[in-house]
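Below is one structure; the comments refer to it alone.
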Amino acid sequence: MHHPTDNGKVPAPVGRVWSVVEHQGGELSPVSFELLAEARALADMLQGGGEVCALVLSSEQYCSAESHIDTLAKHGADQVLLACHPALGDYASEPHIEVLTDLCHALSPEIILLASSLDGQDIAARLSLRTGGSLISDCVRLTVNTDGVLEGSKPVLDDHLYAELHCERRPQVATLRPGACEAKPLHTYQKPEVQRIEPVLDSHSGAVSVGEFLPATARNLSILEAERVVAGGAGIKNPHGVRLLEALAESLGACSAASRVLVDLGLMPRDKQVGLSGVVVKPKLYLALGISGAAYHLAGMSESEIIIAVNTDPAAEIFKVADFAAIGDLFEVVPALLERLANQQAPQEASQELLLEAG
Ligand SMILES: Cc1cc2nc3c(=O)[nH]c(=O)nc-3n(C[C@H](O)[C@H](O)[C@H](O)COP(=O)(O)OP(=O)(O)OC[C@H]3O[C@@H](n4cnc5c(N)ncnc54)[C@H](O)[C@@H]3O)c2cc1C
């Protein structure tokens, strides 16, 4: 094991529950606030109480952003540990896992929470292996029993059952499904203790590095963070329908999404599925194309601010939650909309136009 800092200084003891903060382009990801709320609840369940430490692994530039420290405290962090190194700027597994492993060896946290995102799952699996800890992954609920053992549930077999999981070794590592828990900003909170370390990454070979970030498009924008979502259901029917859906999403600056049927048909990727066994979204605008409005789907989108539904069936359940209804064939409605929107300059303008049209 090497020293966690370049001057050999090991950070002072930090909280029993750690929450690994996700960020991109200098912005904190919403899932980080959900993790902190869960970390706060777990720390309060530990016998004798516990403190929550938010771990921010990042480059020098980001580490100095004091405004984020306040935001982390507001969401439940008692302490903030900033590990700064140029190799921690954009996510690359090797340096992140090396730093976290060293910190765990030095500070022995009891619980470490990460998002069940691509990055979080990557870190969690390797971190638990390297530290000899336990991992429970993709949980939608977490708790601590009276012996301080971390327990969690996760849906399995297409959500027909919940698997109950528990950790057997320490540190107890868990990944939490984004959207499964709510962020709970505190009304009053203390200024957190902030520690800053500069890790040594002497074994960092740089075998994997980030080349460039491609701008978000309808295809790759994160559904959870999108303010506008265009979702398709079985009514989309075929690849031509998917192209129409994505063209509409693109012109609205929206993220494309799907019902489970469309995903099961292999027409959209699984991570685009909205609903009980997919993701829960609350965008400003949710446009549903050829979606019937089954309860399992509604569970993932009914809290959207404005819902517009396009469906041939006037009795479709989706119309019960929709603010605006277009009863018609999406293969006629969407091309007509695209034509109307083609003259709009910006996606923001286009979505306002769409709302006026719907109104
Ligand atoms: C345990 C469990 C978990 C589930 N989890 C989820 C989940 O997370 N997310 C999810 O979405 N579902 C989930 N489901 C499935 C859910 O019950 C429904 O089967 C599914 O949501 C239906 O998808 P759909 O609306 O796309 O298809 P359908 O119910 O088949 O509806 C298609 C709609 O498209 C309309 N339509 C057809 N052609 C056109 C056209 N040309 N133009 C306009 N409209 C048209 C039809 O009138 C119809 O209303 C789950 C089910 C189970 C049992």
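Ligands are numbered from 1 in the order shown, chains are lettered A, B, ... in the order of the structure tokens, and residues start at 1 in each chain.
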Output the neighbourhood of ligand 1 as number ranges by chain, that is, all protein and nucleic acid residues with some atom at most 7 Å from the ligand, counting only C-alpha atoms and all ligand atoms. A: 158-160, 232-236, 258-262, 273-278, 289-297, 300, 310-313, 316, 328-331
As number ranges by chain, please: the residues near Tyr162 in chain A (cut-off 10 Å, only C-alpha atoms, same-chain neighbours under 4 positions excluded). A: 139-140, 152-158
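Of the listed residues (A:Ile197, A:Ala299, A:Val230, A:Ile327), A:Val230 comes nearest to Leu245 in chain A; the distances count only C-alpha atoms.
When DSSP is run on the backbone, the residues of range 262-348 of chain A that fall into strand (DSSP E or B) are Gln273, Val274, Val279, Leu285, Tyr286, Leu287, Ala288, Leu289, Ile306, Ile307, Ile308, Ala309, Val310, Asn311, Phe324, Ala325, Ala326 and Ile327 of chain A.
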Mind pulling up the distance from CA of Gly50 in chain A to CA of Val17 in chain A? 7.0 Å
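Among the candidates A:Pro314, A:Gly26, A:Gly148, A:Pro178, the one nearest to Ser222 in chain A when counting only C-alpha atoms is A:Pro178.
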Name the residues in contact with Gln121 in chain A at a cut-off of 9 Å, using only C-alpha atoms, excluding same-chain residues fewer than 6 positions from it; report them as a VMD selection string. chain A and resid 114 to 115 137 to 138 175
Neighbouring residues of Pro335 in chain A were defined as those with any atom within 10 Å, considering only C-alpha atoms; residues of the same chain fewer than 3 positions away were excluded. Please report them as a PyMOL selection string. chain A and resi 244-245+247-248+330-332+338-341
Name all residues at most 10 Å from Lys320 in chain A (count only C-alpha atoms; drop same-chain ones fewer than 5 positions away) and give them as a PyMOL selection string. chain A and resi 293+302+309+315+325
Using DSSP assignments from the backbone, pull out every residue in range 20-241 of chain A that falls under alpha helix (DSSP H) and give it to me as an mmCIF file with N, CA and C atoms, in the first residue's frame.
```cif
data_model
loop_
_atom_site.group_PDB
_atom_site.id
_atom_site.type_symbol
_atom_site.label_atom_id
_atom_site.label_comp_id
_atom_site.auth_asym_id
_atom_site.auth_seq_id
_atom_site.Cartn_x
_atom_site.Cartn_y
_atom_site.Cartn_z
ATOM 1 N N PRO A 30 -27.188 14.612 -9.890
ATOM 2 C CA PRO A 30 -28.293 14.515 -8.931
ATOM 3 C C PRO A 30 -28.227 13.255 -8.071
ATOM 4 N N VAL A 31 -27.705 12.155 -8.622
ATOM 5 C CA VAL A 31 -27.657 10.916 -7.837
ATOM 6 C C VAL A 31 -26.781 11.088 -6.598
ATOM 7 N N SER A 32 -25.837 12.007 -6.638
ATOM 8 C CA SER A 32 -24.973 12.221 -5.471
ATOM 9 C C SER A 32 -25.790 12.686 -4.277
ATOM 10 N N PHE A 33 -26.847 13.469 -4.544
ATOM 11 C CA PHE A 33 -27.685 13.964 -3.444
ATOM 12 C C PHE A 33 -28.559 12.838 -2.884
ATOM 13 N N GLU A 34 -28.989 11.933 -3.771
ATOM 14 C CA GLU A 34 -29.768 10.773 -3.301
ATOM 15 C C GLU A 34 -28.882 9.898 -2.403
ATOM 16 N N LEU A 35 -27.622 9.714 -2.822
ATOM 17 C CA LEU A 35 -26.691 8.901 -2.027
ATOM 18 C C LEU A 35 -26.456 9.527 -0.661
ATOM 19 N N LEU A 36 -26.321 10.852 -0.641
ATOM 20 C CA LEU A 36 -26.069 11.520 0.642
ATOM 21 C C LEU A 36 -27.265 11.382 1.577
ATOM 22 N N ALA A 37 -28.483 11.472 1.021
ATOM 23 C CA ALA A 37 -29.683 11.320 1.854
ATOM 24 C C ALA A 37 -29.706 9.920 2.457
ATOM 25 N N GLU A 38 -29.346 8.940 1.656
ATOM 26 C CA GLU A 38 -29.343 7.554 2.132
ATOM 27 C C GLU A 38 -28.213 7.347 3.148
ATOM 28 N N ALA A 39 -27.060 7.942 2.879
ATOM 29 C CA ALA A 39 -25.917 7.838 3.799
ATOM 30 C C ALA A 39 -26.283 8.453 5.148
ATOM 31 N N ARG A 40 -26.967 9.590 5.095
ATOM 32 C CA ARG A 40 -27.402 10.280 6.323
ATOM 33 C C ARG A 40 -28.317 9.358 7.143
ATOM 34 N N ALA A 41 -29.284 8.729 6.443
ATOM 35 C CA ALA A 41 -30.236 7.848 7.140
ATOM 36 C C ALA A 41 -29.498 6.648 7.747
ATOM 37 N N LEU A 42 -28.539 6.087 7.002
ATOM 38 C CA LEU A 42 -27.815 4.912 7.508
ATOM 39 C C LEU A 42 -26.937 5.290 8.702
ATOM 40 N N ALA A 43 -26.292 6.458 8.609
ATOM 41 C CA ALA A 43 -25.427 6.903 9.711
ATOM 42 C C ALA A 43 -26.248 7.056 10.985
ATOM 43 N N ASP A 44 -27.470 7.558 10.841
ATOM 44 C CA ASP A 44 -28.329 7.748 12.011
ATOM 45 C C ASP A 44 -28.784 6.407 12.591
ATOM 46 N N MET A 45 -28.768 5.359 11.752
ATOM 47 C CA MET A 45 -29.187 4.033 12.246
ATOM 48 C C MET A 45 -28.056 3.317 12.985
ATOM 49 N N GLU A 60 -7.493 19.125 -9.675
ATOM 50 C CA GLU A 60 -7.197 20.326 -8.890
ATOM 51 C C GLU A 60 -8.270 21.401 -9.064
ATOM 52 N N GLN A 61 -8.611 21.673 -10.282
ATOM 53 C CA GLN A 61 -9.538 22.758 -10.607
ATOM 54 C C GLN A 61 -10.871 22.585 -9.868
ATOM 55 N N TYR A 62 -11.390 21.364 -9.895
ATOM 56 C CA TYR A 62 -12.693 21.109 -9.299
ATOM 57 C C TYR A 62 -12.636 21.125 -7.769
ATOM 58 N N CYS A 63 -11.488 20.673 -7.220
ATOM 59 C CA CYS A 63 -11.366 20.588 -5.765
ATOM 60 C C CYS A 63 -11.525 21.943 -5.089
ATOM 61 N N GLU A 66 -15.616 25.860 -3.781
ATOM 62 C CA GLU A 66 -16.198 25.909 -2.431
ATOM 63 C C GLU A 66 -17.721 25.795 -2.451
ATOM 64 N N SER A 67 -18.354 26.270 -3.515
ATOM 65 C CA SER A 67 -19.823 26.254 -3.539
ATOM 66 C C SER A 67 -20.342 24.821 -3.478
ATOM 67 N N HIS A 68 -19.603 23.885 -4.016
ATOM 68 C CA HIS A 68 -20.047 22.494 -3.983
ATOM 69 C C HIS A 68 -19.988 21.929 -2.553
ATOM 70 N N ILE A 69 -19.047 22.426 -1.779
ATOM 71 C CA ILE A 69 -18.913 21.932 -0.405
ATOM 72 C C ILE A 69 -20.185 22.274 0.365
ATOM 73 N N ASP A 70 -20.660 23.482 0.186
ATOM 74 C CA ASP A 70 -21.893 23.905 0.853
ATOM 75 C C ASP A 70 -23.075 23.040 0.378
ATOM 76 N N THR A 71 -23.130 22.776 -0.913
ATOM 77 C CA THR A 71 -24.227 21.958 -1.459
ATOM 78 C C THR A 71 -24.182 20.549 -0.873
ATOM 79 N N LEU A 72 -22.984 20.008 -0.723
ATOM 80 C CA LEU A 72 -22.863 18.654 -0.166
ATOM 81 C C LEU A 72 -23.322 18.634 1.292
ATOM 82 N N ALA A 73 -22.972 19.686 2.032
ATOM 83 C CA ALA A 73 -23.402 19.772 3.438
ATOM 84 C C ALA A 73 -24.918 19.865 3.510
ATOM 85 N N LYS A 74 -25.493 20.648 2.620
ATOM 86 C CA LYS A 74 -26.942 20.842 2.608
ATOM 87 C C LYS A 74 -27.664 19.516 2.364
ATOM 88 N N SER A 93 -11.159 4.267 -14.394
ATOM 89 C CA SER A 93 -11.282 3.403 -13.218
ATOM 90 C C SER A 93 -9.996 3.261 -12.413
ATOM 91 N N GLU A 94 -8.901 3.085 -13.099
ATOM 92 C CA GLU A 94 -7.658 2.748 -12.397
ATOM 93 C C GLU A 94 -7.283 3.737 -11.277
ATOM 94 N N PRO A 95 -7.106 5.042 -11.589
ATOM 95 C CA PRO A 95 -6.714 5.950 -10.504
ATOM 96 C C PRO A 95 -7.789 6.110 -9.431
ATOM 97 N N HIS A 96 -9.053 6.104 -9.817
ATOM 98 C CA HIS A 96 -10.121 6.257 -8.823
ATOM 99 C C HIS A 96 -10.100 5.100 -7.826
ATOM 100 N N ILE A 97 -9.963 3.889 -8.340
ATOM 101 C CA ILE A 97 -10.003 2.725 -7.461
ATOM 102 C C ILE A 97 -8.755 2.678 -6.572
ATOM 103 N N GLU A 98 -7.630 3.086 -7.150
ATOM 104 C CA GLU A 98 -6.393 3.094 -6.367
ATOM 105 C C GLU A 98 -6.509 4.050 -5.173
ATOM 106 N N VAL A 99 -7.029 5.244 -5.431
ATOM 107 C CA VAL A 99 -7.138 6.230 -4.348
ATOM 108 C C VAL A 99 -8.136 5.750 -3.295
ATOM 109 N N LEU A 100 -9.281 5.257 -3.736
ATOM 110 C CA LEU A 100 -10.292 4.814 -2.773
ATOM 111 C C LEU A 100 -9.800 3.630 -1.948
ATOM 112 N N THR A 101 -9.090 2.715 -2.587
ATOM 113 C CA THR A 101 -8.572 1.545 -1.855
ATOM 114 C C THR A 101 -7.609 2.011 -0.763
ATOM 115 N N ASP A 102 -6.722 2.935 -1.115
ATOM 116 C CA ASP A 102 -5.762 3.435 -0.123
ATOM 117 C C ASP A 102 -6.476 4.136 1.029
ATOM 118 N N LEU A 103 -7.496 4.927 0.690
ATOM 119 C CA LEU A 103 -8.228 5.643 1.743
ATOM 120 C C LEU A 103 -8.939 4.659 2.670
ATOM 121 N N CYS A 104 -9.497 3.616 2.088
ATOM 122 C CA CYS A 104 -10.189 2.607 2.912
ATOM 123 C C CYS A 104 -9.207 1.924 3.853
ATOM 124 N N HIS A 105 -8.029 1.575 3.334
ATOM 125 C CA HIS A 105 -7.032 0.935 4.198
ATOM 126 C C HIS A 105 -6.614 1.864 5.325
ATOM 127 N N ALA A 106 -6.506 3.156 5.005
ATOM 128 C CA ALA A 106 -6.031 4.107 6.015
ATOM 129 C C ALA A 106 -7.102 4.479 7.026
ATOM 130 N N LEU A 107 -8.363 4.511 6.605
ATOM 131 C CA LEU A 107 -9.402 5.112 7.452
ATOM 132 C C LEU A 107 -10.529 4.167 7.859
ATOM 133 N N LEU A 118 -22.680 3.390 -14.351
ATOM 134 C CA LEU A 118 -21.552 2.663 -14.958
ATOM 135 C C LEU A 118 -20.293 2.863 -14.121
ATOM 136 N N ASP A 119 -20.019 4.130 -13.759
ATOM 137 C CA ASP A 119 -18.807 4.416 -12.981
ATOM 138 C C ASP A 119 -18.898 3.795 -11.588
ATOM 139 N N GLY A 120 -20.039 3.989 -10.934
ATOM 140 C CA GLY A 120 -20.209 3.493 -9.563
ATOM 141 C C GLY A 120 -20.081 1.986 -9.482
ATOM 142 N N GLN A 121 -20.661 1.287 -10.444
ATOM 143 C CA GLN A 121 -20.594 -0.181 -10.410
ATOM 144 C C GLN A 121 -19.172 -0.661 -10.669
ATOM 145 N N ASP A 122 -18.495 0.062 -11.544
ATOM 146 C CA ASP A 122 -17.113 -0.284 -11.863
ATOM 147 C C ASP A 122 -16.247 -0.166 -10.604
ATOM 148 N N ILE A 123 -16.403 0.973 -9.911
ATOM 149 C CA ILE A 123 -15.594 1.194 -8.704
ATOM 150 C C ILE A 123 -15.968 0.168 -7.632
ATOM 151 N N ALA A 124 -17.277 0.008 -7.394
ATOM 152 C CA ALA A 124 -17.748 -0.783 -6.245
ATOM 153 C C ALA A 124 -17.226 -2.219 -6.310
ATOM 154 N N ALA A 125 -17.316 -2.826 -7.479
ATOM 155 C CA ALA A 125 -16.917 -4.233 -7.594
ATOM 156 C C ALA A 125 -15.439 -4.388 -7.283
ATOM 157 N N ARG A 126 -14.636 -3.503 -7.851
ATOM 158 C CA ARG A 126 -13.191 -3.659 -7.681
ATOM 159 C C ARG A 126 -12.739 -3.212 -6.294
ATOM 160 N N LEU A 127 -13.420 -2.206 -5.752
ATOM 161 C CA LEU A 127 -13.066 -1.720 -4.416
ATOM 162 C C LEU A 127 -13.336 -2.793 -3.361
ATOM 163 N N SER A 128 -14.491 -3.448 -3.476
ATOM 164 C CA SER A 128 -14.823 -4.452 -2.456
ATOM 165 C C SER A 128 -13.852 -5.628 -2.543
ATOM 166 N N LEU A 129 -13.443 -5.955 -3.759
ATOM 167 C CA LEU A 129 -12.485 -7.063 -3.919
ATOM 168 C C LEU A 129 -11.128 -6.687 -3.323
ATOM 169 N N ARG A 130 -10.666 -5.483 -3.636
ATOM 170 C CA ARG A 130 -9.328 -5.087 -3.174
ATOM 171 C C ARG A 130 -9.263 -4.868 -1.668
ATOM 172 N N THR A 131 -10.373 -4.466 -1.076
ATOM 173 C CA THR A 131 -10.343 -4.195 0.368
ATOM 174 C C THR A 131 -10.800 -5.410 1.176
ATOM 175 N N PRO A 239 -38.088 0.004 -36.629
ATOM 176 C CA PRO A 239 -36.955 0.949 -36.647
ATOM 177 C C PRO A 239 -37.321 2.303 -37.249
ATOM 178 N N HIS A 240 -38.251 2.333 -38.180
ATOM 179 C CA HIS A 240 -38.662 3.627 -38.740
ATOM 180 C C HIS A 240 -39.304 4.478 -37.637
ATOM 181 N N GLY A 241 -40.128 3.828 -36.816
ATOM 182 C CA GLY A 241 -40.755 4.529 -35.693
ATOM 183 C C GLY A 241 -39.698 5.062 -34.728
#
```
Judged by only C-alpha atoms, the minimum distance to Leu186 in chain A among A:Glu168, A:Val52, A:Ala77, A:Ile318 is found for A:Ala77
Between A:Tyr189, A:Leu142, A:Asp147, A:Leu224, single out the one closest to Glu164 in chain A, counting only C-alpha atoms. A:Leu142
Coordinates-based distance that separates CA of Val334 in chain A from CA of Leu267 in chain A (Å, one decimal): 17.8 Å
